[in-house]
Amino acid sequence: MSESRQEWPLWEVFVRSKSGLDHKHCGSLHAPDAKMAIQMARDVYTRRQEGTSVWVVRSEHIVASDPGDKDMYFDPAEDKVYRHPTFYALPKAVDHM
Amino acid sequence: MYTQAMDTARSDDARKPVRSAEDLRMEERFEARIAEGEFIEPRDWMPDHYRKTLVRQISQHAHSEVVGMLPEGNWITRAPTLKRKAILLAKVQDEGGHGLYLYCAAETLGTSRDEMLEALHSGRAKYSSIFNYPTLTWADVGTIGWLVDGAAIMNQVPICRCSYGPYARAMIRICREESFHQRQGFESLLTMMKEGTDAQRAMVQDAVNRWWWPSIMMFGPPDDQSPNTAQSMRWGIKRISNDELRQKFVDAAVEQAKVLGVTPPDRDLKWNAERGHYDFGTIDWTEFWNVIAGHGPCNRERLAARVKAWDDGAWVRDAAMAHARKQSSQHQEAA
């Protein structure tokens with residue numbers, strides 16, 4: 001197999017839409033190295049001023065929770081309503097607290 | 001742009017019977033999730049046929065975006081003004097970007113970019129039939145924007161609600177960028193019709209005559225000849241049927257043609273007050289199937305241009321990889 005049959009590695013792209021906001025995942029692309037990944041992310045994902053900053057990370061370096069564990073992982077928070085401010089009924093005079 | 005309802009696989013891969021009780025249970029849960037309006041994400045369990053259908057549809061869609069750069073790219077060097085050239089460049093660049101979003105969405109299903117490109121280059125994979133027609137005059141560029149992108153948008157908006165998350169997200173991004181494509185085309189034609197010469201107006205009418213029917217065919221075969229539609233609807237891959245979208249497109253385009261001052265090449269076009277829609281003439285499906293089968297005016301030229309671009313670019317891809325490897329080994333030595 002010739003070298004040209006080897007795909008460029010996959011990168012995930014995160015864009016900060018404006019300063020003060022967090023970077024948000026917006027897609028992925030193939031690039032040979034980090035520098036080109038950043039440049040291509042600029043060209044592909046910010047052609048209409050969608051961003052002021054770009055992060056790229058090799059897709060293989062992302063560790064994700066298992067979708068099969070979703071219930072086990074996230075449901076325990078479901079019955080802990082006391083973690084939300086709305087759980088506490090207060091007199092009107094102080095309810096903006 | 002440019003999906004086509006390419007439900008053209010003619011049930012070559014009809015659903016296989018479910019094998020085990022476990023599969024059956026998983027499939028029931030999967031169908032329930034879709035019925036609830038949940039999105040399916042890459043690492044979720046999904047039936048093989050759902051995966052295959054999506055890989056086929058998303059990769060065909062991606063190929064269409066990329067091949068779609070060719071007919072219009074033909075006019076970049078000959079655009080009449082700097083303004084039109086800048087607009088056309090931006091549009092063609094968008095199409096390349098759209099291809100990329102879609103290839104990435106398909107890759108989340110376990111296929112690779114190389115596999116998809118190989119399928120395109122070998123002629124196994126399909127792309128939208130519309131790009132196998134030639135762009136003969138400058139008015140073709142405006143007409144593609146108005147009619148072809150218009151049809152594509154109508155096809156694509158419902159896919160923003162596709163049950164497969166990565167595809168839906170790619171479509172949202174694409175649709176957001178796309179409306180400029182249709183508007184710039186219409187505005188370009190309008191300028192020629194309102195401020196142009198008689199020859200320019202005739203050129204616009206001629207372009208509309210050639211692109212009208214192929215655009216209407218972009219919605220794919222009639223519902224009663226679309227073997228996979230029912231399944232795709234049930235799985236939330238498709239939301240609105242080919243014929244329903246086609247009617248919506250005709251209704252909109254006829255009104256737009258009036259504003260433009262052009263006449264669609266269809267003598268049977270007539271408002272039907274009872275239906276609340278325009279009636280239109282019979283579509284020549286033989287032409288459609290011929291183009292899909294590789295016998296359109298430009299099939300060979302388009303594919304040859306893609307293959308040449310890929311082959312000629314091989315040394316660039318290799319050089320970039322070699323450079324990256326060298327940099328990273330130097331980096332390691334220094335550390």
# chains A, B, ... in the order shown; residues from 1 in each chain; ligands from 1
$ residues_around --residues "region 201-214 of chain B" --least-positions-apart "6" --cutoff "6 Å" --atoms "only C-alpha atoms" --output "list in words"
Ala139, Asp140, Met193, Val262 and Pro265 of chain B
$ interface_residues --of "chain A" --to "chain B" --cutoff "9 Å" --atoms "only C-alpha atoms" --output "list in words"
Glu3, Ser4, Arg5, Gln6, Glu7, Trp8, Cys26, Gly27, Ser28, Leu29, His30, Ala31, Pro32, Asp33, Ala34, Asp43, Val44, Tyr45, Arg47, Arg48, Asp66, Pro67 and Gly68 of chain A
$ residues_around --residues "Ile40 (chain B)" --least-positions-apart "6" --cutoff "9 Å" --atoms "only C-alpha atoms" --output "list in words"
Phe30, Arg33, Ile34, Met46, Ser163, Tyr164, Gly165 and Pro166 of chain B
$ decode --residues "region 13-24 of chain A" --atoms "all heavy atoms" --output "compact mmCIF listing (two decimals), in the first residue's frame"
# COMPACT_ATOMS: atom_id res chain seq x y z
N VAL A 13 -12.72 19.73 16.34
CA VAL A 13 -12.55 21.18 16.31
C VAL A 13 -13.51 21.84 17.32
O VAL A 13 -14.69 21.51 17.37
CB VAL A 13 -12.84 21.73 14.90
CG1 VAL A 13 -12.67 23.25 14.88
CG2 VAL A 13 -11.95 21.05 13.87
N PHE A 14 -12.96 22.76 18.10
CA PHE A 14 -13.75 23.52 19.09
C PHE A 14 -13.58 25.00 18.79
O PHE A 14 -12.46 25.48 18.63
CB PHE A 14 -13.28 23.21 20.51
CG PHE A 14 -13.40 21.76 20.89
CD1 PHE A 14 -12.46 20.83 20.45
CD2 PHE A 14 -14.46 21.32 21.67
CE1 PHE A 14 -12.58 19.49 20.79
CE2 PHE A 14 -14.58 19.98 22.01
CZ PHE A 14 -13.65 19.06 21.58
N VAL A 15 -14.68 25.73 18.74
CA VAL A 15 -14.61 27.14 18.37
C VAL A 15 -15.22 28.00 19.48
O VAL A 15 -16.28 27.67 20.03
CB VAL A 15 -15.35 27.40 17.03
CG1 VAL A 15 -15.49 28.89 16.77
CG2 VAL A 15 -14.61 26.73 15.88
N ARG A 16 -14.51 29.08 19.84
CA ARG A 16 -15.07 30.07 20.75
C ARG A 16 -15.71 31.15 19.89
O ARG A 16 -15.02 31.80 19.08
CB ARG A 16 -13.94 30.69 21.59
CG ARG A 16 -14.44 31.69 22.64
CD ARG A 16 -13.36 32.67 23.05
NE ARG A 16 -12.23 32.11 23.77
CZ ARG A 16 -12.25 31.76 25.06
NH1 ARG A 16 -13.32 31.90 25.77
NH2 ARG A 16 -11.16 31.26 25.62
N SER A 17 -17.02 31.33 20.01
CA SER A 17 -17.70 32.22 19.08
C SER A 17 -17.40 33.68 19.38
O SER A 17 -17.28 34.49 18.47
CB SER A 17 -19.20 31.96 19.08
OG SER A 17 -19.71 32.14 20.37
N LYS A 18 -17.29 34.04 20.67
CA LYS A 18 -16.78 35.37 20.99
C LYS A 18 -16.16 35.36 22.37
O LYS A 18 -16.44 34.46 23.17
CB LYS A 18 -17.89 36.43 20.88
CG LYS A 18 -19.06 36.24 21.79
CD LYS A 18 -20.08 37.36 21.56
CE LYS A 18 -21.19 37.27 22.59
NZ LYS A 18 -22.32 38.13 22.32
N SER A 19 -15.34 36.35 22.63
CA SER A 19 -14.59 36.29 23.88
C SER A 19 -15.56 36.32 25.05
O SER A 19 -16.59 36.99 25.00
CB SER A 19 -13.59 37.45 23.97
OG SER A 19 -14.28 38.66 23.97
N GLY A 20 -15.23 35.57 26.08
CA GLY A 20 -16.11 35.48 27.23
C GLY A 20 -16.95 34.21 27.22
O GLY A 20 -17.44 33.78 28.25
N LEU A 21 -17.11 33.60 26.04
CA LEU A 21 -17.86 32.34 25.96
C LEU A 21 -16.89 31.16 25.93
O LEU A 21 -15.70 31.32 25.64
CB LEU A 21 -18.74 32.33 24.71
CG LEU A 21 -19.82 33.40 24.64
CD1 LEU A 21 -20.63 33.26 23.37
CD2 LEU A 21 -20.73 33.34 25.87
N ASP A 22 -17.40 29.96 26.19
CA ASP A 22 -16.51 28.81 26.15
C ASP A 22 -16.38 28.25 24.74
O ASP A 22 -17.20 28.52 23.86
CB ASP A 22 -16.97 27.72 27.14
CG ASP A 22 -18.47 27.54 27.17
OD1 ASP A 22 -19.12 28.01 26.22
OD2 ASP A 22 -18.98 26.94 28.12
N HIS A 23 -15.35 27.47 24.52
CA HIS A 23 -15.17 26.80 23.24
C HIS A 23 -16.21 25.69 23.12
O HIS A 23 -16.48 25.00 24.10
CB HIS A 23 -13.77 26.18 23.13
CG HIS A 23 -12.69 27.18 22.91
ND1 HIS A 23 -12.21 27.99 23.91
CD2 HIS A 23 -11.99 27.50 21.80
CE1 HIS A 23 -11.25 28.77 23.43
NE2 HIS A 23 -11.09 28.49 22.14
N LYS A 24 -16.74 25.54 21.95
CA LYS A 24 -17.80 24.56 21.75
C LYS A 24 -17.42 23.64 20.60
O LYS A 24 -16.91 24.10 19.59
CB LYS A 24 -19.08 25.32 21.42
CG LYS A 24 -20.34 24.55 21.73
CD LYS A 24 -21.54 25.45 21.49
CE LYS A 24 -22.69 24.60 20.99
NZ LYS A 24 -23.77 25.38 20.45
